[in-house]
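Scroll down for the structure; my scribbles are underneath it.
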Amino acid sequence: MAEGLSAVARTGRHAAHVTAATAAGFYPALYLLDRPVAGVYALFTPIAFGILSPLPGAGRERAATVLRAVPAAAVLVVLGTVLAVGTWPAVAGMLAVGFALAFGAVCGPRIAGAAPGLQLFYILACFPPYEPGTLPQRLAGLAVGGALLALAEAFLFPDAPEPSYRERIADALDAAARAASGVVRGEGPDPEEAGRLGAAGRELRLSRLPAGARPTGAGRTDRALAQAGAATRRLLDQLALLTAHVPAPGDTVSADLLRGIAASCTETAAALRRGRRERGRDRGRVLAGPQLLEEMVADFLKARGGASDGREPVPRAVLVRRSTVLTAAVSAVTVRTAASLALGGRERLHGLPREQFWYAAEGTARLVAVRIRGNLTRRSVVFQNALRTALGLALARLVAGSLDLTHGFWVLLAVLTLGRTTAGATWSAVRAAAAGTLAGACAAGLLIVGAGGASGVYAALLVPMMLVAFTLGPLGGPARGQGLFTLVVATAFAQIAPVTWRLAEARLVDVLTGSAIGLLCGLLAWPAGARAEIRYAMSGLLRAAAPLVRAASAAVTDGGGAPPDGPSPGVRLALHRLRIAEAAYAQYRTEPAADGSGAAHDWLAVLDHGSRTLVGAYWLPRTDGMPGLPPDARRWARKAAEEVATATVRAAGFPPDGVRARPAPLPPEVAARVPVPLLAPLTDVEVWLHALAHDLEAGSGARPEEAPLPERAGP
């Protein structure tokens, strides 16, 4: 109930912003200056940016986005005005503009949010009459409408700012610091605390956030924030495992590193809240107590394989636990480094895998080019959506121009607002919109017949009608939205020029035409949306991950050589497939489940498998090989890695009964022959492989039982 009232209040505030800005620009342009063309653009500019565009942020942040989008809108108005000379130039322009703006979503949430509104400016300008002489009026109306909306967003009932992703990570790191300190104090097992940590990690998933709050941009800051969030989720999961199991008393080696993790989490959280980097003895680094966390990890690696009390070898259970603590420290180091990069630091990445932070030294233009090139594939849901939108808008412009439809831009507006990512969702929206438009057209016709040419009546009704339409329309779905918007445009256009009841008829015909075109494109271009594409995306991710499993394991036992300066081809492919799969999953979460497709699979577990594989590929090959490793231990590592890699390839086919992956644990008699310094890194490989196997079983629908600590830890 409280959430519903909050949504109504938020929508009401946005409606007040748009209504105030529209009235302040439209009435003076029409009645004081007698500039109807400027009035039209002053009317539609707040609607474009305030209603059509789901701009991220609140208050001044939204106002800044509007002001930054106005120059781009002006370019589109100029382009549309020039190409309105003929139908075919306007169609070609619509195809290019429609694709470019929709595909621009790959560059970040701000561009994705502003894109629908920007489409409207080209749509308005590219329709007849061809009047280049009115361009100054068009640009003036645009500038006034944009400025007024920005002022309203910033100062008129501004929304309270939502917690940023950076602040969410900081809160999660505080929870991680408390958990690490609790493990040091020997508090446990505590299943409830483990559950809270797992829940805190799930809240950092991008699918749980509003689209505008997600760090999905192509630049270094957003990439670093996304990496910091993913590493924080892993850290919380790893600490949840440690919290849920019986502590190991007297393990001072692990306790020291856990204290360093807690200190690093606390300081990183503080730096994220301040929004600037901590200045330590190393530029751009967030310090973990008196030592850098990387140095503490190095000390831990030297000490963990020795005797626990100086007299007897370390038990295997303690080694497994220390491997889990190490993976938590690796996650904490990743969080700290990514957070520093997100806050403007230029990390020198001493001792860190450069592959993991490949974007750190790249410029923005290069990163944007990489993102665009990576999504120029028919397997990208962003590419599919952009092509579907562009074809629909271009076809609508061709039909409206060829048939010389009155107010033909309403045809394109219907395509823009009613198009969905699946044909089923589009059909549902079209049916509702048709019914709503019919009701709105009947009401508008009655209003026009009753008021006649009394412009004062329309002027008095426009403001309350906009306030009601922009408040109730977004909350009531396409039927209510299209019906109320029909009344708004009829009331507005009745003031610009004399109209008859046929204006309502034209509105109904245009919306039905646009609905039919949108439905046709939805049926012909990827009608199943992400529900079909997600299987291809996840399958591609698993197939790219399988070779990395073999390579990472072999690099530990046989030696990996010097770490590469940039991503290897295998890592680069897996990274690309992971981004494609994440985008498909994000859209999949927004689509209605029309059938049971995908219900048997845990797609999040598949994404976790891909992410865990990459982290292992970054961090496990840190040895120069194991020349003293017994042959049977080497054979065990090779066989276990091959079993997981083979299961990964089988899982890519998503067999009906799922995939069982149970790599054999390191046999005790084999472990007894492994030299003490080599047993700890071999345990890391074992823990990692069991964690990957658990992810595979969950992702393929095999529904694994709750795994013990050795099978759930891992990088």
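Starting from 1 in every chain, residues are counted up; chains themselves are A, B, ... following the order of the structure tokens, and ligands are numbered from 1 as listed.
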
Sel. of alpha helix (DSSP H) residues, region 591-697 of chain A, as a PyMOL selection string = chain A and resi 603-619+631-651+668-673+676-697

Selected residues, C-alpha atoms, written as a PDB file, in the first residue's frame, please.
ATOM      1  CA  TRP A 603      20.047 -17.976 -15.444  1.00  0.00           C
ATOM      2  CA  LEU A 604      21.664 -16.106 -12.580  1.00  0.00           C
ATOM      3  CA  ALA A 605      23.647 -19.233 -11.717  1.00  0.00           C
ATOM      4  CA  VAL A 606      24.853 -19.411 -15.331  1.00  0.00           C
ATOM      5  CA  LEU A 607      25.990 -15.792 -15.125  1.00  0.00           C
ATOM      6  CA  ASP A 608      27.700 -16.574 -11.810  1.00  0.00           C
ATOM      7  CA  HIS A 609      29.452 -19.500 -13.462  1.00  0.00           C
ATOM      8  CA  GLY A 610      30.789 -17.271 -16.227  1.00  0.00           C
ATOM      9  CA  SER A 611      31.891 -14.582 -13.786  1.00  0.00           C
ATOM     10  CA  ARG A 612      33.527 -17.116 -11.451  1.00  0.00           C
ATOM     11  CA  THR A 613      35.355 -18.706 -14.373  1.00  0.00           C
ATOM     12  CA  LEU A 614      36.788 -15.346 -15.396  1.00  0.00           C
ATOM     13  CA  VAL A 615      37.892 -14.506 -11.856  1.00  0.00           C
ATOM     14  CA  GLY A 616      39.626 -17.858 -11.590  1.00  0.00           C
ATOM     15  CA  ALA A 617      41.299 -17.265 -14.950  1.00  0.00           C
ATOM     16  CA  TYR A 618      42.561 -13.920 -13.634  1.00  0.00           C
ATOM     17  CA  TRP A 619      43.771 -15.009 -10.207  1.00  0.00           C
ATOM     18  CA  PRO A 631      52.209 -37.237 -11.214  1.00  0.00           C
ATOM     19  CA  ASP A 632      49.034 -38.628  -9.652  1.00  0.00           C
ATOM     20  CA  ALA A 633      48.184 -35.187  -8.223  1.00  0.00           C
ATOM     21  CA  ARG A 634      48.782 -33.623 -11.624  1.00  0.00           C
ATOM     22  CA  ARG A 635      46.544 -36.247 -13.215  1.00  0.00           C
ATOM     23  CA  TRP A 636      43.841 -35.554 -10.620  1.00  0.00           C
ATOM     24  CA  ALA A 637      43.903 -31.802 -11.377  1.00  0.00           C
ATOM     25  CA  ARG A 638      43.775 -32.409 -15.117  1.00  0.00           C
ATOM     26  CA  LYS A 639      40.925 -34.930 -14.792  1.00  0.00           C
ATOM     27  CA  ALA A 640      38.866 -32.751 -12.436  1.00  0.00           C
ATOM     28  CA  ALA A 641      39.255 -29.707 -14.686  1.00  0.00           C
ATOM     29  CA  GLU A 642      38.353 -31.758 -17.744  1.00  0.00           C
ATOM     30  CA  GLU A 643      35.230 -33.076 -16.015  1.00  0.00           C
ATOM     31  CA  VAL A 644      34.043 -29.550 -15.179  1.00  0.00           C
ATOM     32  CA  ALA A 645      34.927 -28.250 -18.662  1.00  0.00           C
ATOM     33  CA  THR A 646      33.097 -31.140 -20.330  1.00  0.00           C
ATOM     34  CA  ALA A 647      30.082 -30.609 -18.092  1.00  0.00           C
ATOM     35  CA  THR A 648      30.149 -26.923 -19.029  1.00  0.00           C
ATOM     36  CA  VAL A 649      29.938 -27.803 -22.718  1.00  0.00           C
ATOM     37  CA  ARG A 650      27.100 -30.270 -22.002  1.00  0.00           C
ATOM     38  CA  ALA A 651      25.274 -27.616 -20.010  1.00  0.00           C
ATOM     39  CA  PRO A 668      43.737 -38.081   0.908  1.00  0.00           C
ATOM     40  CA  GLU A 669      46.477 -40.511  -0.094  1.00  0.00           C
ATOM     41  CA  VAL A 670      47.418 -38.233  -3.012  1.00  0.00           C
ATOM     42  CA  ALA A 671      47.273 -35.111  -0.838  1.00  0.00           C
ATOM     43  CA  ALA A 672      49.610 -36.806   1.637  1.00  0.00           C
ATOM     44  CA  ARG A 673      52.308 -37.058  -1.055  1.00  0.00           C
ATOM     45  CA  VAL A 676      53.396 -28.809   1.837  1.00  0.00           C
ATOM     46  CA  PRO A 677      54.074 -25.590  -0.159  1.00  0.00           C
ATOM     47  CA  LEU A 678      52.135 -26.996  -3.145  1.00  0.00           C
ATOM     48  CA  LEU A 679      49.118 -28.306  -1.273  1.00  0.00           C
ATOM     49  CA  ALA A 680      47.554 -24.884  -0.661  1.00  0.00           C
ATOM     50  CA  PRO A 681      47.442 -23.740  -4.342  1.00  0.00           C
ATOM     51  CA  LEU A 682      46.220 -27.202  -5.315  1.00  0.00           C
ATOM     52  CA  THR A 683      43.429 -26.781  -2.761  1.00  0.00           C
ATOM     53  CA  ASP A 684      42.543 -23.462  -4.418  1.00  0.00           C
ATOM     54  CA  VAL A 685      42.021 -25.305  -7.696  1.00  0.00           C
ATOM     55  CA  GLU A 686      39.885 -27.938  -5.967  1.00  0.00           C
ATOM     56  CA  VAL A 687      37.668 -25.366  -4.264  1.00  0.00           C
ATOM     57  CA  TRP A 688      37.265 -23.382  -7.491  1.00  0.00           C
ATOM     58  CA  LEU A 689      36.306 -26.433  -9.555  1.00  0.00           C
ATOM     59  CA  HIS A 690      33.711 -27.555  -7.010  1.00  0.00           C
ATOM     60  CA  ALA A 691      32.212 -24.050  -6.956  1.00  0.00           C
ATOM     61  CA  LEU A 692      31.954 -24.070 -10.753  1.00  0.00           C
ATOM     62  CA  ALA A 693      30.305 -27.482 -10.651  1.00  0.00           C
ATOM     63  CA  HIS A 694      27.717 -26.220  -8.163  1.00  0.00           C
ATOM     64  CA  ASP A 695      26.913 -23.233 -10.412  1.00  0.00           C
ATOM     65  CA  LEU A 696      26.551 -25.558 -13.408  1.00  0.00           C
ATOM     66  CA  GLU A 697      24.087 -27.837 -11.676  1.00  0.00           C
TER      67      GLU A 697
END

Got a sec: who's within 6 Å of region 39-45 of chain A, counting only C-alpha atoms, leaving out chain neighbours fewer than 5 positions off, as a list in words?
-> Thr22, Gly25, Phe26, Ala29, Leu30, Arg138, Gly141, Leu142 and Gly145 of chain A

One decimal, Å: what's the distance from CA of Arg535 (chain A) over to CA of Gly658 (chain A), could you say?
->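 Calculated distance between CA of Arg535 (chain A) and CA of Gly658 (chain A) is 13.9 Å.
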
List every residue of region 126-198 of chain A that has an atom at most 9 Å from any atom of region 254-261 of chain A, giving for each one its closest atom pair and the distance in Å to one decimal, counting only C-alpha atoms, sorted by chain and then by ascending residue number, as JSON lines.
{"residue": "A:Ala176", "atom": "CA", "partner": "A:Ile261", "partner_atom": "CA", "distance": 8.5}
{"residue": "A:Ala177", "atom": "CA", "partner": "A:Ile261", "partner_atom": "CA", "distance": 7.0}
{"residue": "A:Ala180", "atom": "CA", "partner": "A:Leu258", "partner_atom": "CA", "distance": 5.7}
{"residue": "A:Ser181", "atom": "CA", "partner": "A:Arg259", "partner_atom": "CA", "distance": 6.4}
{"residue": "A:Val183", "atom": "CA", "partner": "A:Leu258", "partner_atom": "CA", "distance": 7.8}
{"residue": "A:Val184", "atom": "CA", "partner": "A:Ala255", "partner_atom": "CA", "distance": 5.3}
{"residue": "A:Arg185", "atom": "CA", "partner": "A:Ala255", "partner_atom": "CA", "distance": 8.6}

Looking at A:Ala396, A:Thr500, A:Gly201, A:Tyr536, which one is nearest to Gly450 (chain A), with distances taken over only C-alpha atoms?
-> A:Thr500

What lies within 8 Å of region 158-167 of chain A using only C-alpha atoms, ignoring chain neighbours under 4 positions off, as a list in words?
->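 The neighbour list is Arg10, Arg13, Gly57, Ala58, Gly59, Arg60, Ala152, Glu153, Ala154, Asp171, Leu204, Ala213, Arg214, Pro215, Leu225, Leu272 and Arg273 of chain A.
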
For Ala530 (chain A), please output as a ChimeraX atom specification all residues within 12 Å (counting only C-alpha atoms; exclusion window: fewer than 6 positions along the same chain).
-> /A:379-385,420-423,536-538,580-594,597-598

For Ala102 (chain A), the nearest of the candidates A:Ile169, A:Ala339, A:Ala435, A:Leu387, counting only C-alpha atoms =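 Of the candidates, the smallest distance to Ala102 (chain A) is held by A:Leu387.
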
All residues 9 Å or closer to Pro109 (chain A), only C-alpha atoms, same chain fewer than 4 positions away omitted, as number ranges by chain = A: 55-56, 105, 113-114, 211-217

Given the selection you just returned, output its residues as a file containing N, CA and C atoms, formatted as a PDB file, in the first residue's frame.
ATOM      1  N   LEU A  55      13.825   9.329 -17.826  1.00  0.00           N
ATOM      2  CA  LEU A  55      15.119   9.877 -17.455  1.00  0.00           C
ATOM      3  C   LEU A  55      15.539   9.370 -16.077  1.00  0.00           C
ATOM      4  N   PRO A  56      16.814   9.013 -15.902  1.00  0.00           N
ATOM      5  CA  PRO A  56      17.266   8.526 -14.594  1.00  0.00           C
ATOM      6  C   PRO A  56      17.473   9.668 -13.615  1.00  0.00           C
ATOM      7  N   ALA A 105      21.531   2.960 -26.577  1.00  0.00           N
ATOM      8  CA  ALA A 105      21.329   2.436 -25.226  1.00  0.00           C
ATOM      9  C   ALA A 105      22.545   1.679 -24.722  1.00  0.00           C
ATOM     10  N   GLY A 113      17.655   6.514 -21.669  1.00  0.00           N
ATOM     11  CA  GLY A 113      16.467   7.174 -21.152  1.00  0.00           C
ATOM     12  C   GLY A 113      15.985   8.306 -22.020  1.00  0.00           C
ATOM     13  N   ALA A 114      16.905   9.079 -22.588  1.00  0.00           N
ATOM     14  CA  ALA A 114      16.524  10.235 -23.402  1.00  0.00           C
ATOM     15  C   ALA A 114      16.144   9.867 -24.829  1.00  0.00           C
ATOM     16  N   ALA A 211      16.287   1.071 -14.155  1.00  0.00           N
ATOM     17  CA  ALA A 211      17.169   1.104 -15.324  1.00  0.00           C
ATOM     18  C   ALA A 211      18.137   2.278 -15.272  1.00  0.00           C
ATOM     19  N   GLY A 212      17.680   3.423 -14.811  1.00  0.00           N
ATOM     20  CA  GLY A 212      18.542   4.594 -14.786  1.00  0.00           C
ATOM     21  C   GLY A 212      19.613   4.560 -13.731  1.00  0.00           C
ATOM     22  N   ALA A 213      19.487   3.683 -12.729  1.00  0.00           N
ATOM     23  CA  ALA A 213      20.466   3.615 -11.654  1.00  0.00           C
ATOM     24  C   ALA A 213      21.553   2.587 -11.919  1.00  0.00           C
ATOM     25  N   ARG A 214      21.464   1.877 -13.026  1.00  0.00           N
ATOM     26  CA  ARG A 214      22.433   0.819 -13.305  1.00  0.00           C
ATOM     27  C   ARG A 214      23.703   1.387 -13.934  1.00  0.00           C
ATOM     28  N   PRO A 215      24.869   0.972 -13.466  1.00  0.00           N
ATOM     29  CA  PRO A 215      26.120   1.434 -14.075  1.00  0.00           C
ATOM     30  C   PRO A 215      26.431   0.640 -15.341  1.00  0.00           C
ATOM     31  N   THR A 216      25.687   0.904 -16.386  1.00  0.00           N
ATOM     32  CA  THR A 216      25.818   0.142 -17.626  1.00  0.00           C
ATOM     33  C   THR A 216      26.476   0.946 -18.743  1.00  0.00           C
ATOM     34  N   GLY A 217      27.047   2.092 -18.416  1.00  0.00           N
ATOM     35  CA  GLY A 217      27.695   2.903 -19.434  1.00  0.00           C
ATOM     36  C   GLY A 217      28.965   2.258 -19.954  1.00  0.00           C
TER      37      GLY A 217
END

Which residue gives the smallest distance to Leu520 (chain A) among A:Thr426, A:Thr334, A:Ser700, A:Gln137, with only C-alpha atoms counted?
->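 Closest to Leu520 (chain A) of all the choices is A:Thr426.
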
What is the CA of Ser515 (chain A) to CA of Leu95 (chain A) distance in Å?
->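 We find that CA of Ser515 (chain A) and CA of Leu95 (chain A) lie 18.0 Å from each other.
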
Near Gly701 (chain A), within 8 Å and counting only C-alpha atoms, which residues show up once chain neighbours fewer than 4 positions away are dropped, as a list in words?
->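 Final neighbour list, sorted by chain and number: Ala600, His601, Asp602, Asp657, Gly658, Val659 and Glu697 of chain A.
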
So how far away is CA of Ala497 (chain A) from CA of Pro28 (chain A), in Å?
->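 Those two atoms sit 16.0 Å apart.
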
Which residue gives the smallest distance to Glu131 (chain A) among A:Leu52, A:Ala441, A:Val37, A:Leu472, with only C-alpha atoms counted?
->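 Using only C-alpha atoms, the shortest distance to Glu131 (chain A) belongs to A:Val37.
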
Which of these, A:Pro132, A:Glu294, A:Gln119, A:Asp251, has the shortest distance to Val85 (chain A) once you count only C-alpha atoms?
->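 Among the listed residues, A:Pro132 lies closest to Val85 (chain A).
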